[in-house]
$ cat run_34.txt   # compact mmCIF, C-alpha atoms
# COMPACT_ATOMS: atom_id res chain seq x y z
CA MET E 1 -15.29 16.08 -25.84
CA LEU E 2 -15.92 14.07 -22.70
CA ILE E 3 -13.22 11.58 -23.69
CA ASP E 4 -10.57 14.28 -23.95
CA ALA E 5 -11.40 15.61 -20.50
CA LEU E 6 -11.43 12.13 -18.97
CA LEU E 7 -8.08 11.12 -20.47
CA LYS E 8 -6.55 14.42 -19.36
CA SER E 9 -7.78 13.80 -15.82
CA TYR E 10 -5.86 10.51 -15.75
CA ALA E 11 -2.75 12.12 -17.23
CA ASP E 12 -2.88 14.93 -14.64
CA ASP E 13 -3.59 12.63 -11.70
CA PRO E 14 -0.48 12.62 -9.48
CA ARG E 15 0.96 9.18 -8.87
CA LEU E 16 3.42 9.00 -6.01
CA PRO E 17 6.27 6.56 -6.68
CA GLY E 18 6.22 3.47 -4.49
CA SER E 19 9.13 1.48 -3.16
CA PRO E 20 10.66 -0.68 -5.90
CA ILE E 21 11.47 -3.31 -3.28
CA ARG E 22 8.14 -4.71 -2.12
CA GLY E 23 6.57 -8.14 -1.94
CA SER E 24 4.58 -8.01 -5.15
CA ARG E 25 7.63 -7.02 -7.23
CA LEU E 26 10.37 -9.37 -6.07
CA GLY E 27 10.09 -11.42 -9.27
CA GLU E 28 10.62 -8.46 -11.58
CA CYS E 29 13.88 -7.71 -13.38
CA GLY E 30 16.42 -6.49 -10.82
CA ARG E 31 17.79 -3.90 -13.22
CA ARG E 32 14.35 -2.29 -13.55
CA LEU E 33 14.00 -2.15 -9.76
CA ALA E 34 17.42 -0.51 -9.48
CA TYR E 35 16.58 2.12 -12.11
CA GLU E 36 13.62 3.18 -9.98
CA LEU E 37 15.93 4.07 -7.08
CA TRP E 38 17.11 7.10 -9.08
CA PRO E 39 14.12 8.42 -11.08
CA HIS E 40 15.90 11.75 -11.60
CA LEU E 41 18.71 9.92 -13.43
CA PHE E 42 16.54 7.34 -15.18
CA PRO E 43 13.14 9.01 -15.63
CA PRO E 44 10.41 6.49 -16.50
CA GLU E 45 7.98 6.88 -19.35
CA PRO E 46 4.65 8.31 -18.19
CA LEU E 47 1.91 5.73 -18.00
CA PRO E 48 -0.67 6.23 -20.77
CA PRO E 49 -4.16 7.15 -19.52
CA ARG E 50 -5.60 3.95 -20.98
CA ARG E 51 -3.15 1.86 -18.96
CA LEU E 52 -4.19 3.74 -15.82
CA MET E 53 -7.83 3.01 -16.63
CA VAL E 54 -6.97 -0.71 -16.90
CA PHE E 55 -5.39 -0.60 -13.44
CA GLU E 56 -8.40 1.24 -12.05
CA MET E 57 -10.78 -1.36 -13.46
CA GLY E 58 -8.67 -4.09 -11.86
CA HIS E 59 -8.99 -2.37 -8.47
CA LEU E 60 -12.78 -2.17 -8.92
CA VAL E 61 -12.97 -5.91 -9.67
CA GLU E 62 -10.79 -6.62 -6.63
CA ARG E 63 -13.05 -4.62 -4.30
CA GLN E 64 -16.20 -6.18 -5.71
CA LEU E 65 -14.97 -9.76 -5.34
CA ALA E 66 -13.54 -9.10 -1.87
CA GLN E 67 -16.92 -7.75 -0.77
CA ARG E 68 -18.65 -10.87 -2.06
CA LEU E 69 -16.07 -13.16 -0.41
CA ARG E 70 -16.83 -11.54 2.95
CA ARG E 71 -20.49 -12.42 2.50
CA VAL E 72 -20.02 -15.93 1.09
CA PHE E 73 -17.34 -17.03 3.58
CA PRO E 74 -18.25 -15.51 6.96
CA GLY E 75 -15.63 -16.56 9.47
CA GLN E 76 -13.44 -18.09 6.73
CA TRP E 77 -12.22 -14.92 5.00
CA GLY E 78 -10.17 -12.27 6.77
CA PHE E 79 -6.79 -10.57 7.25
CA GLU E 80 -7.60 -8.21 4.35
CA GLN E 81 -4.52 -6.12 3.47
CA GLU E 82 -2.88 -7.24 6.73
CA ARG E 83 0.90 -6.83 6.65
CA PHE E 84 3.24 -9.77 6.90
CA TYR E 85 7.00 -9.67 6.35
CA PHE E 86 9.40 -11.58 4.11
CA GLN E 87 12.93 -11.89 5.48
CA VAL E 88 16.08 -11.31 3.42
CA PRO E 89 19.25 -12.06 5.46
CA LEU E 90 22.05 -9.62 4.62
CA SER E 91 25.79 -9.35 4.96
CA VAL E 92 27.26 -6.40 6.83
CA THR E 93 28.12 -4.74 3.50
CA GLU E 94 24.59 -5.20 2.16
CA ALA E 95 23.04 -3.90 5.39
CA ASP E 96 25.29 -0.82 5.25
CA ALA E 97 24.25 -0.19 1.63
CA ALA E 98 20.57 -0.50 2.60
CA ALA E 99 20.97 1.93 5.51
CA LYS E 100 22.66 4.51 3.28
CA LYS E 101 19.92 4.21 0.64
CA MET E 102 17.29 4.74 3.33
CA ALA E 103 19.15 7.77 4.67
CA ARG E 104 19.25 9.27 1.16
CA LYS E 105 15.53 8.47 0.68
CA GLU E 106 16.33 6.22 -2.27
CA LEU E 107 14.52 3.52 -0.32
CA ILE E 108 11.60 4.35 1.93
CA GLY E 109 12.05 2.38 5.12
CA ALA E 110 13.31 2.47 8.67
CA VAL E 111 16.09 0.96 10.77
CA VAL E 112 14.49 -0.92 13.66
CA PRO E 113 16.87 -2.90 15.91
CA GLY E 114 15.32 -6.12 17.20
CA PHE E 115 12.39 -5.99 14.75
CA ARG E 116 9.81 -8.74 15.38
CA PRO E 117 7.46 -9.24 12.40
CA ALA E 118 4.96 -11.27 14.44
CA GLU E 119 4.41 -8.21 16.63
CA ALA E 120 4.19 -5.74 13.74
CA THR E 121 1.21 -6.79 11.60
CA THR E 122 -0.30 -3.33 12.06
CA SER E 123 2.93 -1.58 11.10
CA ARG E 124 2.79 0.73 8.05
CA LEU E 125 6.47 0.20 7.22
CA THR E 126 7.14 -1.35 3.82
CA LEU E 127 10.84 -1.94 4.48
CA VAL E 128 12.47 -2.56 7.85
CA LEU E 129 16.23 -2.98 8.34
CA ASP E 130 17.32 -4.85 11.45
CA PRO E 131 21.06 -4.17 11.85
CA ALA E 132 21.86 -7.13 14.14
CA PRO E 133 21.74 -9.73 12.83
CA PRO E 134 21.54 -7.94 9.50
CA ALA E 135 18.22 -8.60 7.76
CA LEU E 136 15.81 -6.69 5.58
CA TRP E 137 12.11 -7.32 6.21
CA ILE E 138 9.85 -6.64 3.21
CA ALA E 139 6.13 -6.15 3.73
CA VAL E 140 3.59 -8.22 1.83
CA HIS E 141 -0.11 -7.63 2.25
CA PRO E 142 -2.40 -10.21 0.61
CA ASP E 143 -5.92 -9.21 -0.34
CA GLY E 144 -7.09 -11.72 2.23
CA VAL E 145 -6.68 -15.15 3.81
CA VAL E 146 -9.30 -17.82 3.20
CA ASP E 147 -9.87 -21.29 4.61
CA ALA E 148 -9.97 -23.11 1.26
CA GLU E 149 -11.54 -26.55 1.09
CA GLY E 150 -8.89 -29.21 0.56
CA TYR E 151 -6.02 -26.79 1.11
CA GLY E 152 -6.55 -25.03 4.44
CA LEU E 153 -5.58 -21.44 5.17
CA THR E 154 -4.47 -19.76 1.96
CA ALA E 155 -3.07 -16.27 1.31
CA THR E 156 -5.16 -14.87 -1.55
CA GLU E 157 -4.61 -12.24 -4.23
CA ILE E 158 -7.47 -11.13 -6.48
CA LYS E 159 -6.34 -10.44 -10.05
CA SER E 160 -8.05 -9.50 -13.30
CA TYR E 161 -6.70 -10.77 -16.62
CA SER E 162 -7.40 -10.23 -20.28
CA SER E 163 -7.72 -13.31 -22.48
CA PRO E 164 -4.02 -13.83 -23.39
CA GLY E 165 -2.87 -13.81 -19.76
CA PHE E 166 -5.84 -15.90 -18.63
CA ARG E 167 -5.08 -18.47 -21.34
CA ARG E 168 -1.49 -18.87 -20.19
CA VAL E 169 -2.62 -19.62 -16.63
CA LEU E 170 -5.28 -22.03 -17.91
CA GLN E 171 -2.53 -23.97 -19.68
CA GLY E 172 -0.49 -24.13 -16.47
CA ARG E 173 2.11 -21.68 -17.82
CA ILE E 174 2.60 -19.34 -14.86
CA ASP E 175 4.86 -16.35 -15.45
CA TYR E 176 7.97 -16.28 -13.29
CA SER E 177 7.20 -12.98 -11.55
CA TYR E 178 3.77 -14.22 -10.43
CA ARG E 179 5.20 -17.47 -9.07
CA VAL E 180 7.73 -15.46 -7.06
CA GLN E 181 4.93 -13.29 -5.64
CA LEU E 182 2.97 -16.37 -4.59
CA ALA E 183 6.03 -18.05 -3.06
CA VAL E 184 6.93 -14.90 -1.10
CA GLU E 185 3.38 -14.56 0.26
CA ALA E 186 3.31 -18.21 1.35
CA ASP E 187 6.67 -17.78 3.10
CA ALA E 188 5.77 -14.46 4.77
CA THR E 189 2.44 -15.75 6.08
CA ALA E 190 3.97 -19.11 7.12
CA LEU E 191 1.18 -20.91 5.23
CA ASP E 192 1.34 -23.92 2.94
CA ASN E 193 -0.58 -22.18 0.18
CA ALA E 194 -0.96 -18.92 -1.70
CA MET E 195 -3.57 -18.33 -4.38
CA PHE E 196 -4.48 -16.02 -7.24
CA LEU E 197 -8.24 -15.72 -7.64
CA THR E 198 -8.29 -14.54 -11.25
CA TYR E 199 -11.12 -12.91 -13.17
CA ARG E 200 -11.24 -12.89 -16.98
CA LYS E 201 -12.50 -9.44 -17.90
CA GLU E 202 -14.08 -10.33 -21.25
CA THR E 203 -16.32 -13.19 -20.04
CA SER E 204 -16.26 -13.14 -16.20
CA HIS E 205 -14.70 -16.61 -16.06
CA LEU E 206 -13.08 -17.30 -12.67
CA LEU E 207 -9.92 -19.30 -12.08
CA GLU E 208 -8.16 -20.33 -8.87
CA LEU E 209 -4.39 -20.69 -9.10
CA PHE E 210 -3.15 -22.56 -6.03
CA TYR E 211 0.59 -22.40 -5.38
CA SER E 212 0.87 -25.11 -2.76
CA ARG E 213 3.36 -27.16 -0.77
CA LYS E 214 0.76 -29.95 -1.01
CA ALA E 215 1.07 -30.20 -4.81
CA ASP E 216 3.72 -32.25 -6.61
CA HIS E 217 2.91 -31.37 -10.24
CA VAL E 218 0.96 -28.83 -12.26
CA ALA E 219 -2.65 -29.91 -12.80
CA VAL E 220 -5.66 -28.14 -14.29
CA THR E 221 -9.20 -29.04 -13.18
CA LEU E 222 -12.18 -27.81 -15.20
CA THR E 223 -15.69 -27.84 -13.79
CA LYS E 224 -18.24 -27.88 -16.62
CA THR E 225 -21.65 -26.27 -16.50
CA ASN E 226 -23.19 -29.75 -16.07
CA GLY E 227 -21.06 -30.36 -12.95
CA VAL E 228 -18.59 -32.76 -14.59
CA ARG E 229 -14.99 -32.26 -13.50
CA GLU E 230 -12.10 -32.92 -15.88
CA VAL E 231 -8.43 -33.02 -14.85
CA TYR E 232 -5.56 -32.25 -17.23
CA ARG E 233 -1.79 -32.11 -16.99
CA ALA E 234 -0.09 -28.82 -17.87
CA GLY E 235 0.67 -28.63 -21.56
CA ASP E 236 -2.25 -30.81 -22.63
CA PRO E 237 -3.25 -29.71 -26.18
CA ALA E 238 -6.91 -29.62 -25.06
CA LEU E 239 -6.07 -26.55 -22.95
CA LYS E 240 -5.09 -24.52 -26.01
CA ARG E 241 -8.61 -23.14 -26.29
CA LEU E 242 -10.82 -21.26 -23.87
CA PHE E 243 -13.92 -23.19 -22.85
CA ASP E 244 -17.39 -21.66 -23.09
CA ASP E 245 -19.03 -24.48 -21.13
CA VAL E 246 -16.80 -24.15 -18.06
CA GLU E 247 -18.04 -22.68 -14.78
CA GLY E 248 -14.83 -22.86 -12.79
CA ILE E 249 -11.12 -23.58 -13.29
CA GLU E 250 -8.54 -24.66 -10.74
CA VAL E 251 -4.81 -24.70 -11.51
CA ARG E 252 -2.56 -26.37 -8.96
CA HIS E 253 1.17 -25.55 -9.00
CA PRO E 254 3.82 -27.00 -6.66
CA PHE E 255 5.74 -24.72 -4.32
CA GLU E 256 9.33 -23.99 -5.46
CA PRO E 257 11.70 -23.44 -2.50
CA GLY E 258 14.56 -22.34 -4.76
CA ILE E 259 12.56 -19.43 -6.12
CA LEU E 260 12.68 -17.74 -2.69
CA GLU E 261 16.49 -17.69 -2.77
CA GLN E 262 16.36 -16.17 -6.25
CA ALA E 263 14.13 -13.40 -4.90
CA ARG E 264 16.48 -12.77 -1.97
CA ALA E 265 19.51 -12.67 -4.28
CA ARG E 266 17.69 -10.16 -6.51
CA VAL E 267 17.04 -7.88 -3.49
CA ARG E 268 20.70 -8.04 -2.48
CA ARG E 269 21.81 -7.05 -6.00
CA VAL E 270 19.49 -4.03 -5.91
CA LEU E 271 20.80 -2.97 -2.49
CA LEU E 272 24.39 -3.02 -3.76
CA ALA E 273 23.54 -1.22 -7.02
CA THR E 274 24.82 2.24 -7.87
CA PRO E 275 23.86 4.41 -10.86
CA ASN E 276 27.07 3.27 -12.56
CA VAL E 277 26.97 -0.39 -11.49
CA LEU E 278 23.51 -1.84 -12.07
CA PRO E 279 22.21 -5.40 -11.73
CA PRO E 280 22.25 -7.52 -14.91
CA ARG E 281 19.33 -7.48 -17.31
CA GLU E 282 17.09 -10.49 -16.84
CA TYR E 283 15.13 -10.11 -20.08
CA GLY E 284 15.86 -8.80 -23.53
CA PRO E 285 15.62 -9.33 -27.29
CA GLU E 286 16.32 -12.69 -28.92
CA PHE E 287 18.00 -12.40 -32.30
CA ARG E 288 18.15 -16.11 -33.07
CA CYS E 289 15.60 -16.78 -35.81
CA ALA E 290 12.61 -18.59 -34.34
CA LYS E 291 11.35 -19.82 -37.72
CA CYS E 292 14.44 -21.93 -38.48
CA ARG E 293 15.60 -22.18 -34.82
CA GLY E 294 18.90 -20.56 -35.76
CA GLU E 295 19.78 -23.16 -38.39
CA GLY E 296 19.38 -20.88 -41.41
CA PHE E 297 17.26 -23.50 -43.14
CA TYR E 298 14.41 -25.86 -42.44
CA LEU E 299 13.33 -29.20 -43.86
CA THR E 300 10.23 -29.41 -46.02
CA PRO E 301 7.67 -31.79 -44.47
CA LYS E 302 7.26 -34.11 -47.47
CA ARG E 303 10.67 -34.47 -49.11
CA GLN E 304 12.85 -33.44 -46.20
CA ASP E 305 14.68 -31.06 -48.54
CA ARG E 306 16.75 -28.23 -47.10
CA LYS E 307 15.04 -24.91 -47.74
CA GLU E 308 16.70 -21.60 -46.97
CA CYS E 309 14.89 -19.55 -44.34
CA LYS E 310 13.73 -16.30 -45.90
CA LYS E 311 13.07 -14.60 -42.58
CA CYS E 312 16.77 -14.50 -41.67
CA ALA E 313 18.15 -14.86 -45.25
CA GLY E 314 19.72 -18.18 -44.29
CA THR E 315 21.95 -16.76 -41.55
CA GLY E 316 20.00 -18.06 -38.55
CA TRP E 317 20.06 -14.56 -37.03
CA LEU E 318 17.83 -11.50 -37.27
CA GLU E 319 19.38 -8.10 -37.71
CA GLU E 320 16.42 -6.38 -35.99
CA THR E 321 13.78 -7.61 -33.56
CA PRO E 322 11.16 -6.10 -31.23
CA LEU E 323 11.64 -6.11 -27.47
CA PRO E 324 9.77 -9.02 -25.88
CA PHE E 325 7.53 -9.05 -22.84
CA PRO E 326 8.18 -7.84 -20.15
CA CYS E 327 10.67 -5.36 -21.68
CA SER E 328 7.99 -4.05 -24.03
CA TYR E 329 5.90 -2.96 -21.03
CA CYS E 330 8.82 -1.63 -18.96
CA PRO E 331 8.73 2.17 -18.41
CA VAL E 332 12.54 2.40 -18.29
CA LYS E 333 13.34 0.33 -21.39
CA ALA E 334 14.84 3.36 -23.17
CA HIS E 335 17.61 3.44 -20.51
CA CYS E 336 18.27 -0.27 -20.95
CA TRP E 337 18.23 -0.92 -24.71
CA PRO E 338 19.27 1.15 -27.77
CA ILE E 339 15.79 1.40 -29.30
CA ASP E 340 16.02 2.09 -33.02
CA ARG E 341 12.37 2.67 -33.90
CA ALA E 342 8.85 2.13 -32.61
CA GLU E 343 5.59 0.96 -34.13
CA ILE E 344 2.72 2.41 -32.13
CA ALA E 345 -0.43 0.36 -32.64
CA GLU E 346 -2.82 -1.65 -30.47
CA SER E 347 0.24 -3.55 -29.23
CA PRO E 348 3.20 -1.14 -29.56
CA LYS E 349 6.55 -2.58 -30.60
CA TRP E 350 10.02 -1.19 -29.94
CA TYR E 351 12.76 -2.49 -32.25
CA VAL E 352 16.42 -3.06 -31.43
CA LYS E 353 19.21 -3.67 -33.98
CA ARG E 354 21.71 -6.43 -33.27
CA ALA E 355 24.56 -4.25 -34.53
CA ALA E 356 23.80 -1.62 -31.87
CA LEU E 357 24.34 -3.98 -28.94
CA MET E 358 27.56 -3.96 -27.00
CA ALA E 359 29.25 -6.43 -24.68
CA GLU E 360 27.56 -4.88 -21.65
CA HIS E 361 24.11 -5.73 -23.03
CA VAL E 362 24.29 -9.17 -21.46
CA ILE E 363 21.14 -10.99 -20.35
CA LEU E 364 21.07 -13.32 -17.33
CA PRO E 365 17.54 -14.80 -17.34
CA PRO E 366 16.03 -15.77 -13.99
CA GLU E 367 15.22 -19.25 -15.28
CA ALA E 368 15.51 -21.34 -18.44
CA PRO E 369 13.16 -20.22 -21.24
CA GLU E 370 10.06 -22.24 -21.97
CA PRO E 371 10.32 -24.83 -24.78
CA GLU E 372 9.53 -23.35 -28.17
CA GLU E 373 6.16 -24.19 -29.64
CA GLU E 374 4.12 -23.18 -32.63
CA ALA E 375 2.32 -19.90 -32.07
CA ASP E 376 -1.37 -19.65 -32.83
CA ALA E 377 -3.38 -16.56 -33.57
CA ASP E 378 -4.33 -16.06 -29.93
CA ASP E 379 -0.72 -16.20 -28.74
CA GLU E 380 0.71 -13.53 -31.03
CA LYS E 381 0.28 -10.78 -28.45
CA PRO E 382 2.34 -10.79 -25.23
CA PRO E 383 0.56 -11.87 -22.05
CA THR E 384 -1.22 -9.05 -20.28
CA GLN E 385 -0.14 -8.05 -16.79
CA PRO E 386 -2.84 -8.55 -14.18
CA ALA E 387 -4.13 -5.31 -12.80

$ encode --input "run_34.txt" --output "structure tokens"
Amino acid sequence: MLIDALLKSYADDPRLPGSPIRGSRLGECGRRLAYELWPHLFPPEPLPPRRLMVFEMGHLVERQLAQRLRRVFPGQWGFEQERFYFQVPLSVTEADAAAKKMARKELIGAVVPGFRPAEATTSRLTLVLDPAPPALWIAVHPDGVVDAEGYGLTATEIKSYSSPGFRRVLQGRIDYSYRVQLAVEADATALDNAMFLTYRKETSHLLELFYSRKADHVAVTLTKTNGVREVYRAGDPALKRLFDDVEGIEVRHPFEPGILEQARARVRRVLLATPNVLPPREYGPEFRCAKCRGEGFYLTPKRQDRKECKKCAGTGWLEETPLPFPCSYCPVKAHCWPIDRAEIAESPKWYVKRAALMAEHVILPPEAPEPEEEADADDEKPPTQPA
């Protein structure tokens, strides 16, 4: 069959490993990045052909929209894939660890004394180590820079989302790793703004996510097909649904200076990592029962009677739970968690037993978890990574 041959072509297509330390990945779990330094010790799962097809479709959307942006904004759109550099100051110990990893080809980069990023926008180096003063320069290359009305020059990334991921952004709920990517691009380009121009694959809705130093709160602006503009605060219940009568969506998110230091600290932990001493896990399973919030019971709405939670048998804890996003999508999860069983379906699930965890399975999340809320049918699946 044609399908068999096509899928095999994706499976056989060689994919060269990239550097785990690069601008678009500085918000990912540091332990995952460290695993990728030693793929022979921690081999990743092969990417399924269908996942590769999703990535390919995202690249096609990116090229198509970039081509249209060139035509629609002559003189206002440029610097496509131009390299800028994000600085991570290092200690002498961290710089020595980085140099040794480069020498062993665990990191692909170069030692360049006196490196000047402003003079190196045409450089092809992803990582540059300047030994004095010690600093690691990490390349970021936005899809382009646009002169956006009301914002000014803005570093822009073009992303494609499926409905679950698009809905989260519409509600003003921006995943941590994407906020780090935007903050790093704004810092590297020395601009006040960075933006995701996002495309919803199912309906071709477009959304602009501005991550801006000019914003002081998260706001969502909807432009209806009749030209009427409506502004909402993040978390407004009206944003729970996707709108059919909307032509454009703008989400404005304030810049977070502290998130840059978190990214730099994550890089330093990866530089100091060894196969036997890895950075802490930043994500993992939650065994506290979400239905009763760990209480073991809940109150009936009418009589306020205590009713034992059947999901956790009144203990407040689950004995088994599936790995959450982003662990469920991580190709090295088998090296991180003692997976007991898997359910392979449209959304595969990998289950972990609480009894199998040990003291070293500690989780240090990058930020406080979002407040719990009632899940609806559309939110049952984890958010989809943009391609």

$ residues_near_point --input "run_34.txt" --point "(-1.7, -19.4, -8.4)" --cutoff "7 Å" --atoms "only C-alpha atoms" --output "PyMOL selection string"
chain E and resi 182+194-196+208-211+251+253

$ closest_atom_pairs --input "run_34.txt" --of "segment 254-321 of chain E" --to "segment 346-359 of chain E" --cutoff "12 Å" --atoms "only C-alpha atoms" --output "tab-separated table"
residue	atom	partner	partner_atom	distance
E:Gly284	CA	E:Val352	CA	9.8
E:Pro285	CA	E:Val352	CA	7.6
E:Glu286	CA	E:Arg354	CA	9.3
E:Phe287	CA	E:Arg354	CA	7.1
E:Arg288	CA	E:Arg354	CA	10.3
E:Trp317	CA	E:Arg354	CA	9.1
E:Leu318	CA	E:Arg354	CA	7.5
E:Glu319	CA	E:Arg354	CA	5.3
E:Glu320	CA	E:Lys353	CA	4.4
E:Thr321	CA	E:Tyr351	CA	5.4

$ residues_around --input "run_34.txt" --residues "Arg22 of chain E" --least-positions-apart "6" --cutoff "9 Å" --atoms "all atoms listed in the file" --output "MDAnalysis selection string"
chainID E and resid 126:127 138:140

$ closest_residue --input "run_34.txt" --among "E:Phe166, E:Trp337, E:Tyr283, E:Tyr151" --to "Ser212 of chain E" --atoms "only C-alpha atoms"
E:Tyr151

$ closest_residue --input "run_34.txt" --among "E:Gln171, E:Gln262, E:Ser160, E:Gln181" --to "Ile249 of chain E" --atoms "only C-alpha atoms"
E:Gln171

$ axis_aligned_box --input "run_34.txt" --around "segment 151-165 of chain E" --padding-each-side "3 Å" --output "JSON"
{"center_x": -5.5, "center_y": -18.1, "center_z": -9.1, "size_x": 11.2, "size_y": 23.3, "size_z": 34.6}

$ atom_distance --input "run_34.txt" --atom1 "atom CA of Leu136 of chain E" --atom2 "atom CA of Leu90 of chain E"
7.0 Å

$ closest_residue --input "run_34.txt" --among "E:Val267, E:Ala345, E:Arg71, E:Ile259" --to "Pro20 of chain E" --atoms "all atoms listed in the file"
E:Val267

$ build_atoms --input "run_34.txt" --residues "segment 159-174 of chain E" --atoms "N, CA and C atoms" --output "PDB file, in the frame of the given file"
ATOM      1  N   LYS E 159      -6.928 -11.018  -8.845  1.00  0.00           N
ATOM      2  CA  LYS E 159      -6.340 -10.440 -10.050  1.00  0.00           C
ATOM      3  C   LYS E 159      -7.363 -10.442 -11.175  1.00  0.00           C
ATOM      4  N   SER E 160      -7.233  -9.487 -12.087  1.00  0.00           N
ATOM      5  CA  SER E 160      -8.050  -9.500 -13.300  1.00  0.00           C
ATOM      6  C   SER E 160      -7.122  -9.636 -14.500  1.00  0.00           C
ATOM      7  N   TYR E 161      -7.510 -10.479 -15.445  1.00  0.00           N
ATOM      8  CA  TYR E 161      -6.700 -10.770 -16.620  1.00  0.00           C
ATOM      9  C   TYR E 161      -7.499 -10.523 -17.890  1.00  0.00           C
ATOM     10  N   SER E 162      -6.800 -10.165 -18.954  1.00  0.00           N
ATOM     11  CA  SER E 162      -7.400 -10.230 -20.280  1.00  0.00           C
ATOM     12  C   SER E 162      -7.175 -11.646 -20.818  1.00  0.00           C
ATOM     13  N   SER E 163      -7.727 -11.934 -21.975  1.00  0.00           N
ATOM     14  CA  SER E 163      -7.720 -13.310 -22.480  1.00  0.00           C
ATOM     15  C   SER E 163      -6.331 -13.915 -22.656  1.00  0.00           C
ATOM     16  N   PRO E 164      -5.326 -13.198 -23.225  1.00  0.00           N
ATOM     17  CA  PRO E 164      -4.020 -13.830 -23.390  1.00  0.00           C
ATOM     18  C   PRO E 164      -3.389 -14.292 -22.074  1.00  0.00           C
ATOM     19  N   GLY E 165      -3.432 -13.421 -21.048  1.00  0.00           N
ATOM     20  CA  GLY E 165      -2.870 -13.810 -19.760  1.00  0.00           C
ATOM     21  C   GLY E 165      -3.659 -14.928 -19.108  1.00  0.00           C
ATOM     22  N   PHE E 166      -4.992 -14.861 -19.210  1.00  0.00           N
ATOM     23  CA  PHE E 166      -5.840 -15.900 -18.630  1.00  0.00           C
ATOM     24  C   PHE E 166      -5.564 -17.249 -19.297  1.00  0.00           C
ATOM     25  N   ARG E 167      -5.340 -17.224 -20.619  1.00  0.00           N
ATOM     26  CA  ARG E 167      -5.080 -18.470 -21.340  1.00  0.00           C
ATOM     27  C   ARG E 167      -3.782 -19.121 -20.886  1.00  0.00           C
ATOM     28  N   ARG E 168      -2.759 -18.292 -20.643  1.00  0.00           N
ATOM     29  CA  ARG E 168      -1.490 -18.870 -20.190  1.00  0.00           C
ATOM     30  C   ARG E 168      -1.663 -19.584 -18.851  1.00  0.00           C
ATOM     31  N   VAL E 169      -2.402 -18.979 -17.931  1.00  0.00           N
ATOM     32  CA  VAL E 169      -2.620 -19.620 -16.630  1.00  0.00           C
ATOM     33  C   VAL E 169      -3.439 -20.890 -16.797  1.00  0.00           C
ATOM     34  N   LEU E 170      -4.457 -20.847 -17.655  1.00  0.00           N
ATOM     35  CA  LEU E 170      -5.280 -22.030 -17.910  1.00  0.00           C
ATOM     36  C   LEU E 170      -4.442 -23.194 -18.398  1.00  0.00           C
ATOM     37  N   GLN E 171      -3.405 -22.921 -19.169  1.00  0.00           N
ATOM     38  CA  GLN E 171      -2.530 -23.970 -19.680  1.00  0.00           C
ATOM     39  C   GLN E 171      -1.478 -24.413 -18.656  1.00  0.00           C
ATOM     40  N   GLY E 172      -1.482 -23.790 -17.480  1.00  0.00           N
ATOM     41  CA  GLY E 172      -0.490 -24.130 -16.470  1.00  0.00           C
ATOM     42  C   GLY E 172       0.841 -23.445 -16.679  1.00  0.00           C
ATOM     43  N   ARG E 173       0.880 -22.422 -17.537  1.00  0.00           N
ATOM     44  CA  ARG E 173       2.110 -21.680 -17.820  1.00  0.00           C
ATOM     45  C   ARG E 173       2.085 -20.394 -16.989  1.00  0.00           C
ATOM     46  N   ILE E 174       2.668 -20.446 -15.803  1.00  0.00           N
ATOM     47  CA  ILE E 174       2.600 -19.340 -14.860  1.00  0.00           C
ATOM     48  C   ILE E 174       3.861 -18.499 -14.993  1.00  0.00           C
TER      49      ILE E 174
END
